[in-house]
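Trainee: Got structure.txt for you, compact mmCIF, C-alpha atoms and all ligand atoms:
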# COMPACT_ATOMS: atom_id res chain seq x y z
CA MET A 1 23.06 26.16 -3.55
CA ASP A 2 22.74 23.30 -1.05
CA LEU A 3 20.18 20.57 -1.63
CA LYS A 4 17.76 21.68 1.09
CA THR A 5 17.62 25.19 -0.37
CA LEU A 6 17.17 23.81 -3.88
CA VAL A 7 14.30 21.53 -2.79
CA ASN A 8 12.75 24.45 -0.94
CA THR A 9 12.62 26.55 -4.12
CA TYR A 10 10.11 24.00 -5.46
CA LYS A 11 7.95 24.01 -2.32
CA ASP A 12 4.89 25.60 -3.94
CA GLN A 13 5.14 23.37 -6.99
CA ILE A 14 5.35 20.21 -4.84
CA ILE A 15 2.40 21.23 -2.66
CA ASN A 16 0.33 22.27 -5.69
CA THR A 17 1.02 18.93 -7.34
CA ARG A 18 -0.31 17.16 -4.26
CA ARG A 19 -3.40 19.39 -4.25
CA ASP A 20 -4.07 18.85 -7.97
CA LEU A 21 -3.92 15.10 -7.44
CA HIS A 22 -5.97 15.28 -4.26
CA GLN A 23 -8.85 16.73 -6.25
CA ILE A 24 -8.95 13.89 -8.78
CA PRO A 25 -8.80 10.68 -6.69
CA GLU A 26 -9.41 7.47 -8.63
CA ILE A 27 -9.78 3.98 -7.20
CA ALA A 28 -7.71 0.93 -8.14
CA TYR A 29 -7.34 0.32 -11.89
CA ASN A 30 -9.27 3.49 -12.72
CA GLU A 31 -6.28 5.85 -12.41
CA VAL A 32 -6.87 7.46 -15.83
CA LYS A 33 -6.63 11.19 -15.00
CA THR A 34 -3.93 10.57 -12.39
CA SER A 35 -1.85 8.63 -14.89
CA SER A 36 -2.16 11.29 -17.59
CA TYR A 37 -1.29 14.03 -15.06
CA ILE A 38 1.92 12.13 -14.26
CA VAL A 39 2.73 11.51 -17.94
CA ASN A 40 2.34 15.25 -18.69
CA TYR A 41 4.60 16.15 -15.79
CA LEU A 42 7.31 13.69 -16.86
CA GLN A 43 7.12 14.83 -20.49
CA ASN A 44 7.48 18.46 -19.40
CA GLU A 45 10.66 17.35 -17.63
CA ALA A 46 11.74 15.71 -20.93
CA LEU A 47 12.00 12.23 -19.41
CA ASP A 48 11.79 9.06 -21.44
CA VAL A 49 8.23 7.91 -20.56
CA GLN A 50 6.46 4.55 -20.84
CA THR A 51 2.72 4.41 -20.21
CA GLY A 52 -0.04 1.82 -20.04
CA ILE A 53 1.97 -0.71 -18.02
CA ALA A 54 -0.46 -2.93 -16.10
CA GLN A 55 -3.25 -0.66 -17.38
CA HIS A 56 -2.40 2.78 -15.96
CA GLY A 57 1.15 2.30 -14.65
CA VAL A 58 3.83 4.78 -15.73
CA VAL A 59 7.63 4.69 -15.77
CA GLY A 60 9.91 7.67 -16.41
CA LEU A 61 13.64 7.25 -17.03
CA LEU A 62 16.35 9.80 -16.25
CA ARG A 63 19.72 8.47 -17.36
CA THR A 64 23.10 10.15 -17.13
CA ASP A 65 25.39 7.14 -17.58
CA PRO A 66 24.33 3.69 -18.87
CA ALA A 67 27.26 2.13 -17.02
CA GLY A 68 26.06 3.32 -13.58
CA PRO A 69 23.57 1.56 -11.31
CA THR A 70 19.78 1.90 -11.54
CA LEU A 71 17.61 3.14 -8.70
CA LEU A 72 13.85 2.72 -8.79
CA MET A 73 11.65 5.24 -6.95
CA ARG A 74 8.10 4.01 -6.53
CA ALA A 75 4.82 5.77 -5.83
CA ASP A 76 1.33 4.28 -5.73
CA MET A 77 -1.49 6.13 -7.51
CA ASP A 78 -4.86 4.83 -6.33
CA ALA A 79 -7.35 6.39 -3.90
CA LEU A 80 -10.08 4.87 -1.71
CA PRO A 81 -13.85 4.51 -2.12
CA LEU A 82 -14.72 7.02 0.60
CA ASN A 83 -16.56 10.36 0.85
CA GLU A 84 -14.08 13.07 1.85
CA ALA A 85 -14.99 15.01 5.01
CA THR A 86 -11.92 17.24 5.50
CA GLY A 87 -13.61 20.43 4.29
CA LEU A 88 -10.35 21.40 2.54
CA ALA A 89 -10.53 23.94 -0.30
CA PHE A 90 -8.86 21.36 -2.57
CA SER A 91 -11.14 18.46 -1.54
CA SER A 92 -11.99 15.59 -3.85
CA THR A 93 -14.11 16.53 -6.85
CA HIS A 94 -14.91 12.85 -7.42
CA ASP A 95 -17.97 11.73 -5.48
CA GLY A 96 -17.32 8.76 -3.21
CA MET A 97 -13.56 8.77 -3.77
CA MET A 98 -10.75 10.21 -1.68
CA HIS A 99 -6.98 10.14 -1.32
CA ALA A 100 -7.28 9.02 2.31
CA CYS A 101 -4.10 6.93 2.26
CA GLY A 102 -1.78 9.73 1.14
CA HIS A 103 -0.98 8.29 -2.28
CA ASP A 104 -1.41 11.84 -3.67
CA ALA A 105 1.51 12.83 -1.42
CA HIS A 106 3.54 9.81 -2.57
CA ILE A 107 3.16 10.84 -6.24
CA ALA A 108 3.90 14.51 -5.49
CA MET A 109 7.13 13.59 -3.67
CA VAL A 110 8.46 11.35 -6.46
CA LEU A 111 7.55 14.02 -9.05
CA GLY A 112 9.29 16.61 -6.85
CA ALA A 113 12.38 14.39 -6.86
CA VAL A 114 12.14 14.20 -10.68
CA THR A 115 12.27 17.99 -10.94
CA VAL A 116 15.13 18.43 -8.47
CA LEU A 117 17.28 15.56 -9.77
CA ASN A 118 16.72 16.72 -13.35
CA ARG A 119 18.55 19.93 -12.33
CA LEU A 120 21.39 17.88 -10.83
CA LYS A 121 22.23 15.61 -13.76
CA ASP A 122 25.93 16.38 -13.49
CA LYS A 123 25.90 15.15 -9.87
CA PHE A 124 25.06 11.46 -10.46
CA LYS A 125 26.03 8.60 -12.77
CA GLY A 126 23.45 5.98 -13.58
CA THR A 127 19.73 5.64 -14.20
CA LEU A 128 16.77 6.82 -12.17
CA LYS A 129 13.60 4.89 -12.83
CA PHE A 130 10.53 6.71 -11.52
CA LEU A 131 7.65 4.25 -11.22
CA PHE A 132 3.97 4.98 -10.61
CA GLN A 133 1.86 1.92 -9.96
CA PRO A 134 -1.91 1.37 -9.91
CA ALA A 135 -4.08 -0.47 -7.41
CA GLU A 136 -1.98 -0.67 -4.23
CA GLU A 137 -5.18 -0.83 -2.16
CA GLY A 138 -5.93 -4.11 -3.94
CA PRO A 139 -5.82 -6.21 -5.98
CA GLY A 140 -2.25 -4.93 -6.42
CA GLY A 141 -0.43 -3.23 -9.28
CA ALA A 142 3.20 -3.91 -8.35
CA LEU A 143 3.28 -7.56 -9.38
CA PRO A 144 1.61 -6.99 -12.78
CA MET A 145 4.11 -4.18 -13.47
CA ILE A 146 7.02 -6.45 -12.54
CA GLU A 147 5.56 -9.16 -14.77
CA SER A 148 5.49 -6.57 -17.57
CA GLY A 149 9.24 -6.22 -17.19
CA VAL A 150 9.73 -2.95 -15.29
CA MET A 151 12.67 -4.40 -13.34
CA GLN A 152 14.63 -4.84 -16.60
CA HIS A 153 15.96 -2.46 -19.31
CA PRO A 154 17.90 -1.38 -17.39
CA THR A 155 17.96 -3.88 -14.53
CA VAL A 156 16.98 -2.28 -11.22
CA ASP A 157 19.73 -2.53 -8.58
CA TYR A 158 18.06 -0.58 -5.80
CA SER A 159 14.50 0.40 -5.03
CA VAL A 160 13.01 2.88 -2.62
CA GLY A 161 9.56 4.10 -1.68
CA CYS A 162 7.81 5.67 1.26
CA HIS A 163 4.42 5.99 2.90
CA VAL A 164 2.98 8.84 4.96
CA TRP A 165 2.99 7.34 8.48
CA PRO A 166 0.73 8.72 11.23
CA ASP A 167 2.44 6.58 13.90
CA VAL A 168 5.71 8.43 13.33
CA PRO A 169 5.62 12.02 14.66
CA GLU A 170 5.35 14.88 12.18
CA GLY A 171 8.77 15.91 10.93
CA CYS A 172 10.42 12.60 11.81
CA ILE A 173 11.34 9.81 9.41
CA GLY A 174 11.00 6.13 10.33
CA VAL A 175 13.43 3.55 8.96
CA LYS A 176 13.47 -0.12 9.94
CA THR A 177 15.83 -2.87 8.85
CA GLY A 178 14.16 -6.20 8.06
CA LEU A 179 10.47 -6.91 8.59
CA LEU A 180 8.18 -3.89 8.54
CA MET A 181 4.82 -5.06 7.23
CA ALA A 182 2.83 -8.29 7.11
CA ALA A 183 1.82 -10.67 4.35
CA MET A 184 -1.84 -10.04 3.56
CA ASP A 185 -4.49 -12.06 1.74
CA ARG A 186 -8.21 -11.99 1.06
CA PHE A 187 -10.79 -14.72 1.34
CA ASP A 188 -14.40 -14.90 0.16
CA LEU A 189 -16.75 -17.48 1.60
CA LYS A 190 -20.29 -18.51 0.74
CA ILE A 191 -22.20 -20.77 3.14
CA ILE A 192 -24.95 -22.70 1.44
CA GLY A 193 -27.75 -23.92 3.71
CA ARG A 194 -31.46 -24.54 3.12
CA GLY A 195 -33.78 -21.63 3.74
CA GLY A 196 -37.31 -21.69 5.05
CA HIS A 197 -39.80 -20.32 7.58
CA GLY A 198 -38.36 -18.71 10.67
CA ALA A 199 -40.76 -20.72 12.81
CA MET A 200 -39.55 -24.08 11.46
CA PRO A 201 -35.78 -24.27 11.91
CA HIS A 202 -35.91 -28.07 12.05
CA LEU A 203 -36.81 -28.11 8.33
CA CYS A 204 -33.88 -25.82 7.40
CA VAL A 205 -30.12 -25.48 7.47
CA ASP A 206 -29.66 -21.93 8.77
CA ALA A 207 -26.83 -20.43 6.69
CA LEU A 208 -26.73 -17.33 8.90
CA GLU A 209 -26.22 -19.36 12.05
CA VAL A 210 -23.59 -21.57 10.39
CA GLY A 211 -21.85 -18.40 9.19
CA CYS A 212 -21.74 -17.01 12.74
CA GLN A 213 -20.18 -20.26 13.98
CA VAL A 214 -17.58 -20.02 11.21
CA VAL A 215 -16.69 -16.42 12.15
CA ASN A 216 -16.14 -17.48 15.76
CA ALA A 217 -14.29 -20.68 14.90
CA LEU A 218 -11.87 -18.85 12.58
CA GLN A 219 -10.62 -16.88 15.60
CA ARG A 220 -9.27 -20.16 17.00
CA ILE A 221 -6.41 -19.96 14.50
CA THR A 222 -5.00 -16.90 16.27
CA SER A 223 -6.07 -17.77 19.81
CA ARG A 224 -5.33 -21.52 19.88
CA GLN A 225 -3.35 -22.70 16.84
CA ALA A 226 -0.70 -20.11 16.03
CA ASP A 227 2.27 -19.48 18.32
CA PRO A 228 1.30 -16.40 20.38
CA LEU A 229 4.84 -15.09 19.88
CA ASN A 230 4.30 -15.19 16.14
CA PRO A 231 1.39 -12.81 15.49
CA THR A 232 -1.48 -13.59 13.14
CA VAL A 233 -4.75 -11.85 12.34
CA VAL A 234 -7.95 -13.23 10.87
CA THR A 235 -10.58 -10.57 10.25
CA VAL A 236 -14.01 -11.09 8.76
CA GLY A 237 -14.79 -7.62 7.48
CA GLN A 238 -18.07 -8.21 5.72
CA PHE A 239 -21.01 -10.55 6.39
CA GLN A 240 -24.28 -10.63 4.52
CA ALA A 241 -27.26 -12.87 5.11
CA GLY A 242 -31.02 -12.70 5.36
CA SER A 243 -33.85 -10.59 4.00
CA ASN A 244 -36.60 -10.58 6.64
CA PHE A 245 -37.24 -11.28 10.34
CA ASN A 246 -39.15 -14.50 9.73
CA ILE A 247 -37.06 -16.08 6.99
CA ILE A 248 -34.18 -18.46 7.62
CA PRO A 249 -31.68 -17.51 4.93
CA ASP A 250 -30.59 -19.96 2.28
CA THR A 251 -27.06 -18.57 2.05
CA ALA A 252 -24.63 -16.35 3.93
CA GLU A 253 -21.64 -14.59 2.39
CA MET A 254 -18.59 -13.13 4.01
CA CYS A 255 -15.13 -11.90 3.14
CA GLY A 256 -12.09 -11.11 5.17
CA THR A 257 -8.33 -10.89 5.41
CA THR A 258 -5.50 -12.90 6.94
CA ARG A 259 -2.17 -11.43 8.11
CA THR A 260 1.16 -12.84 9.23
CA PHE A 261 4.89 -12.02 9.12
CA ASP A 262 5.78 -15.68 8.72
CA ARG A 263 6.14 -17.20 5.25
CA GLU A 264 5.31 -20.71 6.50
CA ILE A 265 2.05 -19.54 8.06
CA TRP A 266 1.42 -17.42 4.97
CA ASN A 267 1.56 -20.53 2.78
CA SER A 268 -0.62 -22.50 5.19
CA TRP A 269 -3.60 -20.11 5.32
CA PRO A 270 -5.76 -21.82 2.65
CA GLN A 271 -5.44 -25.19 4.36
CA ARG A 272 -6.00 -23.72 7.86
CA LEU A 273 -9.17 -21.89 6.78
CA GLU A 274 -10.48 -24.85 4.84
CA GLN A 275 -10.03 -27.20 7.80
CA ILE A 276 -12.13 -25.05 10.12
CA ILE A 277 -14.77 -24.05 7.58
CA SER A 278 -15.29 -27.58 6.30
CA GLY A 279 -15.47 -28.93 9.86
CA VAL A 280 -18.09 -26.42 10.98
CA CYS A 281 -20.15 -26.75 7.81
CA GLN A 282 -20.04 -30.53 7.85
CA SER A 283 -21.13 -30.71 11.47
CA MET A 284 -24.10 -28.46 10.69
CA GLY A 285 -25.15 -29.90 7.35
CA ALA A 286 -24.18 -26.91 5.22
CA GLN A 287 -22.13 -26.66 2.04
CA TYR A 288 -19.62 -23.91 1.27
CA GLU A 289 -17.57 -22.26 -1.46
CA LEU A 290 -14.24 -20.80 -0.35
CA ASN A 291 -12.15 -18.57 -2.58
CA PHE A 292 -8.72 -17.68 -1.18
CA SER A 293 -6.77 -14.93 -2.98
CA LYS A 294 -3.12 -14.77 -2.01
CA GLY A 295 -2.16 -11.14 -1.46
CA TYR A 296 1.13 -9.34 -0.86
CA PRO A 297 4.25 -10.95 0.66
CA PRO A 298 5.78 -9.68 3.94
CA LEU A 299 7.61 -6.37 3.44
CA ILE A 300 11.30 -6.75 4.33
CA ASN A 301 13.83 -3.93 4.10
CA ASP A 302 17.39 -4.72 3.03
CA ALA A 303 19.98 -3.90 5.73
CA PHE A 304 22.35 -1.99 3.43
CA MET A 305 19.54 0.06 1.90
CA ALA A 306 17.98 0.78 5.31
CA ASP A 307 21.38 2.17 6.41
CA VAL A 308 21.58 4.36 3.28
CA VAL A 309 18.06 5.70 3.87
CA ARG A 310 18.77 6.24 7.59
CA ASP A 311 21.93 8.27 6.80
CA CYS A 312 20.14 10.33 4.15
CA ALA A 313 17.13 10.93 6.40
CA ALA A 314 19.48 12.13 9.17
CA GLU A 315 20.83 14.79 6.79
CA VAL A 316 17.26 15.92 6.13
CA VAL A 317 15.59 15.92 9.56
CA GLY A 318 18.57 15.49 11.92
CA GLN A 319 19.78 12.31 13.60
CA ALA A 320 17.44 12.73 16.58
CA ASN A 321 14.39 12.72 14.30
CA VAL A 322 15.22 9.46 12.56
CA VAL A 323 13.27 6.82 14.47
CA GLU A 324 12.59 3.10 14.27
CA PRO A 325 8.91 2.50 13.49
CA ALA A 326 7.04 -0.44 14.99
CA LYS A 327 6.11 -3.35 12.72
CA THR A 328 2.54 -3.35 11.48
CA MET A 329 0.12 -6.04 10.33
CA GLY A 330 -0.75 -3.72 7.44
CA GLY A 331 0.39 -4.92 4.02
CA GLU A 332 1.94 -3.16 1.01
CA ASP A 333 2.74 -4.38 -2.47
CA MET A 334 6.00 -2.41 -2.39
CA ALA A 335 7.11 -5.76 -0.89
CA TYR A 336 7.36 -7.19 -4.43
CA PHE A 337 9.90 -4.56 -5.51
CA LEU A 338 11.92 -5.31 -2.37
CA GLU A 339 11.94 -9.01 -3.30
CA GLN A 340 13.42 -8.17 -6.71
CA SER A 341 16.16 -5.72 -5.69
CA GLN A 342 17.97 -4.32 -2.67
CA GLY A 343 15.44 -1.89 -1.33
CA CYS A 344 13.89 0.04 1.52
CA PHE A 345 10.40 1.35 2.22
CA PHE A 346 10.57 4.18 4.74
CA CYS A 347 7.95 5.89 6.87
CA LEU A 348 7.41 9.61 6.44
CA GLY A 349 6.23 10.92 9.80
CA VAL A 350 3.03 12.96 9.55
CA GLY A 351 1.71 12.38 13.08
CA LYS A 352 -2.00 12.10 13.78
CA GLN A 353 -3.86 15.38 13.36
CA ASP A 354 -6.70 15.24 15.93
CA GLY A 355 -6.01 11.52 16.23
CA VAL A 356 -7.20 10.86 12.67
CA PRO A 357 -5.57 7.81 11.02
CA ILE A 358 -5.22 6.98 7.31
CA HIS A 359 -8.28 5.49 5.56
CA ASN A 360 -10.40 8.00 7.51
CA PRO A 361 -12.59 10.56 5.63
CA ARG A 362 -10.94 13.37 7.63
CA PHE A 363 -7.33 12.29 7.01
CA ASP A 364 -4.95 15.19 6.31
CA PHE A 365 -1.37 16.19 7.15
CA ASN A 366 0.96 19.18 7.23
CA GLU A 367 2.16 19.54 3.64
CA ASP A 368 5.56 20.91 4.75
CA ILE A 369 6.62 17.29 5.36
CA LEU A 370 6.48 16.67 1.59
CA LEU A 371 9.81 18.49 1.39
CA ASN A 372 11.33 15.95 3.81
CA GLY A 373 10.28 13.16 1.45
CA VAL A 374 11.59 14.89 -1.68
CA GLU A 375 14.93 15.75 -0.10
CA THR A 376 15.35 12.22 1.28
CA TYR A 377 14.66 10.73 -2.17
CA CYS A 378 17.20 13.10 -3.75
CA ARG A 379 19.89 12.31 -1.17
CA ILE A 380 19.35 8.56 -1.63
CA ALA A 381 19.76 8.95 -5.41
CA LEU A 382 22.87 11.11 -5.12
CA GLN A 383 24.37 8.73 -2.56
CA LEU A 384 23.77 5.48 -4.49
CA LEU A 385 24.61 6.89 -7.94
CA ARG A 386 27.73 8.84 -6.95
ZN ZN A 401 -4.14 2.40 2.24
ZN ZN A 402 -1.34 3.45 1.24
Translate the structure of the given file into structure tokens.

Mentor:
Amino acid sequence: MDLKTLVNTYKDQIINTRRDLHQIPEIAYNEVKTSSYIVNYLQNEALDVQTGIAQHGVVGLLRTDPAGPTLLMRADMDALPLNEATGLAFSSTHDGMMHACGHDAHIAMVLGAVTVLNRLKDKFKGTLKFLFQPAEEGPGGALPMIESGVMQHPTVDYSVGCHVWPDVPEGCIGVKTGLLMAAMDRFDLKIIGRGGHGAMPHLCVDALEVGCQVVNALQRITSRQADPLNPTVVTVGQFQAGSNFNIIPDTAEMCGTTRTFDREIWNSWPQRLEQIISGVCQSMGAQYELNFSKGYPPLINDAFMADVVRDCAAEVVGQANVVEPAKTMGGEDMAYFLEQSQGCFFCLGVGKQDGVPIHNPRFDFNEDILLNGVETYCRIALQLLR
């Protein structure tokens, strides 16, 4: 039986796995049911299973020859704090939580690959390490898992993962050598002024007004400081201040994210933010507390691994349907695995159904594409562990 036919015999199982997981979405570092679902699955496949890594992380090992290389296949497990609005029969049963980033699909595809490759043990020599990580949506589960030693015993030579990708047409697979995704961070800022009566601004330091000036001034980094040919983003995503129409607020709080492809700019963010915030606050008589949390590094695909994935994807969807995706300022903690081994993160084309992107309460996709992901994973394993 050829590989495509073999994968296809598990179609219902793969789709049902995705649907089971879709109904029990759990947000970052709460992936209890998801983790135990995965552990059960791996134990049924008689894999060597490790649990509780970085809280709810799971690793399953399938080894045919200790002398052969080790390939890591990674899926993320967490969902988003969002009320599902798809109306699907297998919608979320957890109020206020939804798999709107397709991580249910990512798990189902790696588990599908477990089942198929477990039937093909005489076809590869080496170790397959199936890894399921918590908290991709932040604060990040990849780094804590790596710090717990998942790249050793045995040492990972290659790593691969994928994301459902609405910007790549349904049925296509996107592979890009080099930079694919940006470095991302988070900052939290509190402006401390002096509150008072709305009619007497001269007796106050208006934290809300200072905060507005800070939001505007931060945009200067992208518009005036950074090289326009080297893209950056500064987004303030949340701003809270005030309690009534006639009260000048004492404090204002905001948080946001910074993005860049460039490691030098990445390292300079805290100092760049501080310079602007301290300048604005000082000129207006306010104090501030800035907390900068460094996020994920830029995601860079290894050239050799991108070629392997491209060749395997061509066998699955045909040469004409293997495309080069555009870079994105989105971030992904898969980047850490790619820093530790030769690896590639590829884009599974799902297209945009009715123009709906990921992180939207109506996000859904054609489940047939799950087979493309499973078959690609299997071909990559069989190719690298020949
Ligand atoms: Zn996401
Ligand atoms: Zn995601």

Trainee: Would you work out the distance separating CA of Thr232 (chain A) from CA of Glu137 (chain A), expressed in Å to one decimal?

Mentor: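 Distance between the two atoms: 20.3 Å.
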
Trainee: Do you know which residues are within 8 Å of ligand ZN 402 (chain A) using all atoms listed in the file? Can you write them as a list in words?

Mentor: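 Listed by chain and ascending number, the contacts are Asp76, Cys101, Gly102, His103, Glu136, Glu137, His163, Val164 and Glu332 of chain A.
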
Trainee: Measuring between all atoms listed in the file, which one of A:Ala306, A:Cys378, A:Leu229, A:Ile191 shows the shortest distance to Ser278 (chain A)?

Mentor: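 Using all atoms listed in the file, the shortest distance to Ser278 (chain A) belongs to A:Ile191.
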
Trainee: Can you work out the spacing between CA of Gln13 (chain A) and CA of Val49 (chain A) in Å, to one decimal?

Mentor: 20.8 Å

Trainee: Find the spatial neighbours of Glu274 (chain A), counting all atoms listed in the file, within a cut-off of 10 Å - ignore same-chain residues fewer than 4 positions away - and output them as a ChimeraX atom specification.

Mentor: /A:218,269-270,278-280,288-292

Trainee: So that I can see what lies close to region 193-205 of chain A, please list as a list of chain:residue names the residues with an atom at most 7 Å from it, counting all atoms listed in the file and leaving out residues fewer than 3 positions away in the same chain.

Mentor: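 Contacts, with the query itself left out: A:Asn246, A:Ile247, A:Ile248, A:Pro249, A:Asp250, A:Thr251, A:Gly285, A:Ala286, A:Gln287.
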
Trainee: Dump C-alpha atoms for the selected residues as a short mmCIF file (atom, residue, chain, number, x, y, z; two decimals), in the coordinates of the input?

Mentor:
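The new file result30.cif reads:
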data_model
loop_
_atom_site.label_atom_id
_atom_site.label_comp_id
_atom_site.auth_asym_id
_atom_site.auth_seq_id
_atom_site.Cartn_x
_atom_site.Cartn_y
_atom_site.Cartn_z
CA ASN A 246 -39.15 -14.50 9.73
CA ILE A 247 -37.06 -16.08 6.99
CA ILE A 248 -34.18 -18.46 7.62
CA PRO A 249 -31.68 -17.51 4.93
CA ASP A 250 -30.59 -19.96 2.28
CA THR A 251 -27.06 -18.57 2.05
CA GLY A 285 -25.15 -29.90 7.35
CA ALA A 286 -24.18 -26.91 5.22
CA GLN A 287 -22.13 -26.66 2.04
#

Trainee: Find, counting all atoms listed in the file, the residue in A:Ile192, A:Ala28, A:Ala326, A:Met151 that gets nearest to ligand ZN 401 (chain A).

Mentor: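 The answer is A:Ala28, which sits nearest to ligand ZN 401 (chain A).
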
Trainee: Show me, as a tab-separated table, the residues of region 122-197 of chain A having an atom within 12 Å of region 41-48 of chain A, each with the closest atom pair and its distance in Å, using all atoms listed in the file.

Mentor:
residue	atom	partner	partner_atom	distance
A:Thr127	CA	A:Asp48	CA	11.3
A:Leu128	CA	A:Leu47	CA	10.2
A:Lys129	CA	A:Asp48	CA	9.7
A:Phe130	CA	A:Leu42	CA	9.4
A:Leu131	CA	A:Leu42	CA	11.0
A:Phe132	CA	A:Leu42	CA	11.2

Trainee: Near Gly373 (chain A), within 8 Å and counting only C-alpha atoms, which residues show up once chain neighbours fewer than 4 positions away are dropped, as number ranges by chain?

Mentor: A: 109, 162, 348, 369, 377

Trainee: Pick the closest to ligand ZN 401 (chain A) from A:Phe239, A:Trp165, A:Phe90, A:Phe304: which is it, counting only C-alpha atoms and all ligand atoms?

Mentor: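 Among the listed residues, the smallest separation from ligand ZN 401 (chain A) belongs to A:Trp165.
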
Trainee: Could you tell me how far CA of Gly171 (chain A) sits from CA of Ala320 (chain A), in Å to one decimal place?

Mentor: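 Value for the CA of Ala320 (chain A)-CA of Gly171 (chain A) distance: 10.8 Å.
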
Trainee: Which residue, A:Ala85, A:Leu80, A:Ala113, A:Ile27, has the smallest gap to ligand ZN 401 (chain A) when you use only C-alpha atoms and all ligand atoms?

Mentor: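 Among the listed residues, the smallest separation from ligand ZN 401 (chain A) belongs to A:Leu80.
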
Trainee: Name all residues at most 10 Å from Arg263 (chain A) (count only C-alpha atoms; drop same-chain ones fewer than 3 positions away) and give them as a ChimeraX atom specification.

Mentor: /A:182-183,260,266-268,297-298

Trainee: If we count only C-alpha atoms and set the cut-off at 9 Å, which residues sit around Leu3 (chain A), ignoring sequence neighbours fewer than 5 positions away in its own chain? Please answer as number ranges by chain.

Mentor: A: 8, 116, 375, 378-379

Trainee: From (16.9, -4.0, -12.0), in the file's coordinates, out to 10 Å: which residues are reached, counting only C-alpha atoms? Answer as a PyMOL selection string.

Mentor: chain A and resi 69-72+129+149-159+337+340-342

Trainee: Which is closest to Val356 (chain A) among A:Asn301, A:Thr86, A:Thr93, A:Gln50, if we use all atoms listed in the file?

Mentor: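 Closest residue, counting all atoms listed in the file: A:Thr86.
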
Trainee: Counting all atoms listed in the file, which residue out of A:Asp2, A:Asp227, A:Asp104, A:Asp65 sits closest to ligand ZN 401 (chain A)?

Mentor: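 Among the listed residues, A:Asp104 lies closest to ligand ZN 401 (chain A).
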